[in-house]
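Below is one structure, written out as structure tokens; the observations come after it.
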Amino acid sequence: MNLVLQGPTLSRADVDAVADGTRPSSIDGISEKAFRLKGATPHDSLAKLCEARRMDFAWMPEGRSFADLKLVAMDMDSTLITIECIDELGAYAGRKAEIAAITEAAMRGEIADYKESLRQRVALLAGQPESILEDLYTKKLALTQGAEQLVAACRKNGIKLLLVSGGFSYITERLKARLGLDYVLSNTLAIENRRLTGELVGDIVDAQGKADRFVSLTKELKAKKEQTVAIGDGANDLKMMAEAGLSVAFHAKPVVRTQASCALTYSGLDGVLNLFE
């Protein structure tokens, strides 16, 4: 196994500190802030050492190439983009704190019925003008650091991109067109007379919905499990992540970090590229 170290503040001294305990056969520079320790040996203090030095680490089998992938799927809110859309929409209604508290509990896995939690949050938006969606997209939404680099690498290598979200189609469809994503799956807000009704249209995308779409695309693309990657931050991403050859917990809740193949806590989304040879 190879050990990948990376992070925005990573120094050679940090790498050497890890190498002292893992005894790699060689150390290869991936970039200025990322290194691959080949043939490294696991040891119990690695996680604490990396946390203390604000490094991301991942164990990767030798020979895994990014170009061999066929599907990369990712969550939207707090993953592809920096905000939680439902929370920011709540600000327009003066209910951000109330909505954000429900969102946080849901992402930590503390709410068993995700669909009901989303209905509760959307209901608090009832009566708001449709224009808040465009205002959110143009004024508050920002891509996560490294997102464009990851998307560009996927497109260059012919890897299909799936954006799955418990968020809303008004945003996902714009991101699909903007970034050239191949597939999106999300929820649709009901709108009447140019105002949000506080309801959703059609089936609600939850953890199982994300996983089902991921599995169906894997089959459609005739991809092996090891040719797929899933990236997420909340509990409703876990079922999808469990279906992937590599699952990446991105700036994620503890419940997600403990179940994922690896975690990127300090790096941007382009850190996914550094995991592969």
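Convention: chains lettered A, B, ... in structure tokens order; per-chain residue numbering from 1; ligands numbered from 1 as shown.
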
- When DSSP works through the backbone of this structure, what residues of segment 22-171 of chain A end up as alpha helix (DSSP H), shown as a ChimeraX atom specification? /A:22,46-52,85-92,96-107,114-123,131-135,147-156,169-171

- Query: Residues at most 7 Å from Asp182 of chain A, counting only C-alpha atoms, excluding those fewer than 2 positions away in the same chain, as a VMD selection string?
  - Reply: chain A and resid 160 to 162 180

Resulting file, chosen residues, N, CA and C atoms, as a JSON list (two decimals), in the first residue's frame:
```json
[["chain", "number", "residue", "atom", "x", "y", "z"],
["A", 160, "LYS", "N", -17.34, 9.96, -16.36],
["A", 160, "LYS", "CA", -18.66, 10.56, -16.19],
["A", 160, "LYS", "C", -18.81, 11.14, -14.79],
["A", 161, "LEU", "N", -19.51, 12.26, -14.73],
["A", 161, "LEU", "CA", -19.71, 12.98, -13.47],
["A", 161, "LEU", "C", -21.18, 12.99, -13.09],
["A", 162, "LEU", "N", -21.46, 12.56, -11.87],
["A", 162, "LEU", "CA", -22.81, 12.54, -11.34],
["A", 162, "LEU", "C", -22.88, 13.46, -10.12],
["A", 180, "GLY", "N", -20.49, 21.37, -17.13],
["A", 180, "GLY", "CA", -20.49, 20.26, -18.07],
["A", 180, "GLY", "C", -20.63, 18.91, -17.39]]
```

Determine, for each residue of segment 66-101 of chain A having at least one atom at most 7 Å from an atom of segment 228-239 of chain A, the closest pair of atoms and their separation in Å to one decimal, counting only C-alpha atoms; order by chain and ascending number, as CSV.
```
residue,atom,partner,partner_atom,distance
A:Leu69,CA,A:Thr228,CA,5.9
A:Lys70,CA,A:Thr228,CA,6.1
A:Leu71,CA,A:Thr228,CA,4.9
A:Val72,CA,A:Val229,CA,4.8
A:Ala73,CA,A:Ala230,CA,4.7
A:Met74,CA,A:Ile231,CA,4.5
A:Asp75,CA,A:Gly232,CA,5.2
A:Thr79,CA,A:Gly232,CA,6.3
```

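Residue nearest Val272 of chain A within the list A:Cys154, A:Val205, A:Ala13, A:Val248: A:Val248 [criterion: smallest interatomic distance, only C-alpha atoms].
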
- Compile the contact shell of Arg194 of chain A as a list in words: residues with an atom at most 8 Å away, counting only C-alpha atoms, same-chain residues fewer than 3 positions apart removed.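 Answer for this query is Pro129, Glu130, Ser131 and Ile191 of chain A.
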
- Message: Between atom CA of Leu133 of chain A and atom CA of Tyr170 of chain A, what distance in Å does the model show, to one decimal?
- Response: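 Going from atom CA of Leu133 of chain A over to atom CA of Tyr170 of chain A, I get 7.2 Å.
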
- Using only C-alpha atoms: which of A:Thr197, A:Val164, A:Ile83, A:Glu277 has the shortest distance to Met241 of chain A: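 Under the stated criterion, the closest residue is A:Val164.
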
- Task: Give the strand (DSSP E or B) residues of segment 113-255 of chain A, as DSSP finds them on the backbone, and put them as a VMD selection string.
- Result: chain A and resid 129 143 160 to 168 183 to 192 195 to 201 228 to 232 246 to 250

Would you save the residues of that selection, restricted to N, CA and C atoms, as a CSV table (one decimal), in the first residue's frame?
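In the end it all went to part.csv:
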```
chain,number,residue,atom,x,y,z
A,129,PRO,N,-40.7,34.6,-2.5
A,129,PRO,CA,-40.7,34.7,-3.9
A,129,PRO,C,-39.7,33.8,-4.6
A,143,LEU,N,-18.2,27.8,-5.7
A,143,LEU,CA,-17.6,26.4,-5.8
A,143,LEU,C,-16.6,26.2,-4.8
A,160,LYS,N,-17.3,10.0,-16.4
A,160,LYS,CA,-18.7,10.6,-16.2
A,160,LYS,C,-18.8,11.1,-14.8
A,161,LEU,N,-19.5,12.3,-14.7
A,161,LEU,CA,-19.7,13.0,-13.5
A,161,LEU,C,-21.2,13.0,-13.1
A,162,LEU,N,-21.5,12.6,-11.9
A,162,LEU,CA,-22.8,12.5,-11.3
A,162,LEU,C,-22.9,13.5,-10.1
A,163,LEU,N,-23.8,14.4,-10.2
A,163,LEU,CA,-24.1,15.3,-9.0
A,163,LEU,C,-25.4,14.8,-8.4
A,164,VAL,N,-25.3,14.4,-7.1
A,164,VAL,CA,-26.5,13.9,-6.4
A,164,VAL,C,-26.7,14.8,-5.2
A,165,SER,N,-28.0,15.2,-5.0
A,165,SER,CA,-28.2,16.2,-3.9
A,165,SER,C,-29.6,16.1,-3.3
A,166,GLY,N,-29.6,16.3,-2.0
A,166,GLY,CA,-30.9,16.5,-1.4
A,166,GLY,C,-31.4,17.9,-1.5
A,167,GLY,N,-30.6,18.7,-2.2
A,167,GLY,CA,-30.9,20.1,-2.6
A,167,GLY,C,-31.9,20.1,-3.8
A,168,PHE,N,-31.7,21.2,-4.5
A,168,PHE,CA,-32.8,21.6,-5.4
A,168,PHE,C,-32.4,21.7,-6.9
A,183,TYR,N,-24.7,14.0,-15.3
A,183,TYR,CA,-25.9,13.6,-14.7
A,183,TYR,C,-26.1,14.4,-13.4
A,184,VAL,N,-27.4,14.7,-13.1
A,184,VAL,CA,-27.8,15.3,-11.8
A,184,VAL,C,-29.0,14.6,-11.3
A,185,LEU,N,-29.1,14.6,-10.0
A,185,LEU,CA,-30.3,14.1,-9.3
A,185,LEU,C,-30.5,14.9,-8.1
A,186,SER,N,-31.7,15.5,-8.0
A,186,SER,CA,-32.0,16.4,-6.9
A,186,SER,C,-33.5,16.5,-6.7
A,187,ASN,N,-33.9,17.4,-5.8
A,187,ASN,CA,-35.3,17.6,-5.5
A,187,ASN,C,-35.9,18.8,-6.2
A,188,THR,N,-37.2,18.9,-6.4
A,188,THR,CA,-37.8,20.0,-7.1
A,188,THR,C,-38.7,20.8,-6.1
A,189,LEU,N,-38.5,22.1,-6.0
A,189,LEU,CA,-39.4,22.9,-5.2
A,189,LEU,C,-40.7,23.2,-5.9
A,190,ALA,N,-41.8,23.1,-5.2
A,190,ALA,CA,-43.1,23.5,-5.9
A,190,ALA,C,-43.2,25.0,-5.9
A,191,ILE,N,-43.6,25.5,-7.0
A,191,ILE,CA,-43.8,27.0,-7.2
A,191,ILE,C,-45.1,27.3,-7.8
A,192,GLU,N,-45.9,28.2,-7.2
A,192,GLU,CA,-47.1,28.7,-7.8
A,192,GLU,C,-47.2,30.2,-7.7
A,195,ARG,N,-44.2,32.0,-6.4
A,195,ARG,CA,-43.8,31.9,-5.0
A,195,ARG,C,-43.7,30.4,-4.6
A,196,LEU,N,-42.8,30.2,-3.6
A,196,LEU,CA,-42.6,28.8,-3.1
A,196,LEU,C,-43.8,28.4,-2.3
A,197,THR,N,-44.3,27.2,-2.5
A,197,THR,CA,-45.5,26.8,-1.8
A,197,THR,C,-45.1,26.1,-0.4
A,198,GLY,N,-43.8,25.8,-0.3
A,198,GLY,CA,-43.4,25.1,1.0
A,198,GLY,C,-43.5,23.6,0.8
A,199,GLU,N,-43.6,23.2,-0.5
A,199,GLU,CA,-43.7,21.7,-0.7
A,199,GLU,C,-42.7,21.3,-1.8
A,200,LEU,N,-42.6,20.0,-2.0
A,200,LEU,CA,-41.7,19.4,-3.0
A,200,LEU,C,-42.5,18.7,-4.0
A,201,VAL,N,-42.0,18.6,-5.2
A,201,VAL,CA,-42.7,18.0,-6.3
A,201,VAL,C,-42.0,16.6,-6.6
A,228,THR,N,-15.0,3.3,-9.7
A,228,THR,CA,-16.0,4.4,-9.3
A,228,THR,C,-15.5,5.1,-8.0
A,229,VAL,N,-15.9,6.3,-7.9
A,229,VAL,CA,-15.6,7.1,-6.7
A,229,VAL,C,-16.8,7.9,-6.3
A,230,ALA,N,-17.1,7.9,-5.0
A,230,ALA,CA,-18.2,8.7,-4.4
A,230,ALA,C,-17.7,9.7,-3.3
A,231,ILE,N,-18.1,10.9,-3.4
A,231,ILE,CA,-17.6,11.9,-2.5
A,231,ILE,C,-18.8,12.6,-1.8
A,232,GLY,N,-18.7,12.7,-0.4
A,232,GLY,CA,-19.8,13.3,0.3
A,232,GLY,C,-19.4,13.7,1.7
A,246,LEU,N,-14.0,3.7,-4.2
A,246,LEU,CA,-13.3,4.6,-3.3
A,246,LEU,C,-14.3,5.6,-2.8
A,247,SER,N,-14.5,5.7,-1.5
A,247,SER,CA,-15.4,6.7,-0.9
A,247,SER,C,-14.5,7.8,-0.2
A,248,VAL,N,-14.8,9.0,-0.5
A,248,VAL,CA,-14.1,10.1,0.1
A,248,VAL,C,-15.0,11.0,1.0
A,249,ALA,N,-14.6,11.1,2.3
A,249,ALA,CA,-15.4,12.0,3.2
A,249,ALA,C,-14.7,13.4,3.0
A,250,PHE,N,-15.5,14.3,2.5
A,250,PHE,CA,-15.0,15.6,2.2
A,250,PHE,C,-15.4,16.6,3.2
```

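Among A:Val151, A:Leu269, A:Cys85, A:Leu10, the residue with the shortest atom-to-atom distance to Leu118 of chain A, counting only C-alpha atoms, is A:Cys85.
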
- Can you list, as a ChimeraX atom specification, every protein, DNA or RNA residue that comes within 10 Å of segment 99-116 of chain A when you count only C-alpha atoms, leaving out same-chain residues fewer than 4 positions away? /A:84-91,94-95,120-122,124-125,166,203-207,233-238,252-256

- Residues within 10 Å of Ala17 of chain A, only C-alpha atoms, excluding chain neighbours under 3 positions, as a list in words: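 Selected residues are Arg12, Ala13, Asp14, Asp20, Gly21, Thr22, Leu46, Leu49, Cys50 and Arg53 of chain A.
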
Store the residues of this selection in a file with C-alpha atoms, as a CSV table (one decimal), in the first residue's frame.
```csv
chain,number,residue,atom,x,y,z
A,12,ARG,CA,8.7,18.3,4.0
A,13,ALA,CA,9.2,18.3,7.7
A,14,ASP,CA,5.7,17.0,8.1
A,20,ASP,CA,9.9,8.0,10.5
A,21,GLY,CA,7.1,5.8,11.7
A,22,THR,CA,5.8,4.3,8.4
A,46,LEU,CA,-0.5,8.1,12.3
A,49,LEU,CA,0.1,12.9,14.0
A,50,CYS,CA,-1.7,13.9,10.8
A,53,ARG,CA,-0.1,18.7,11.7
```
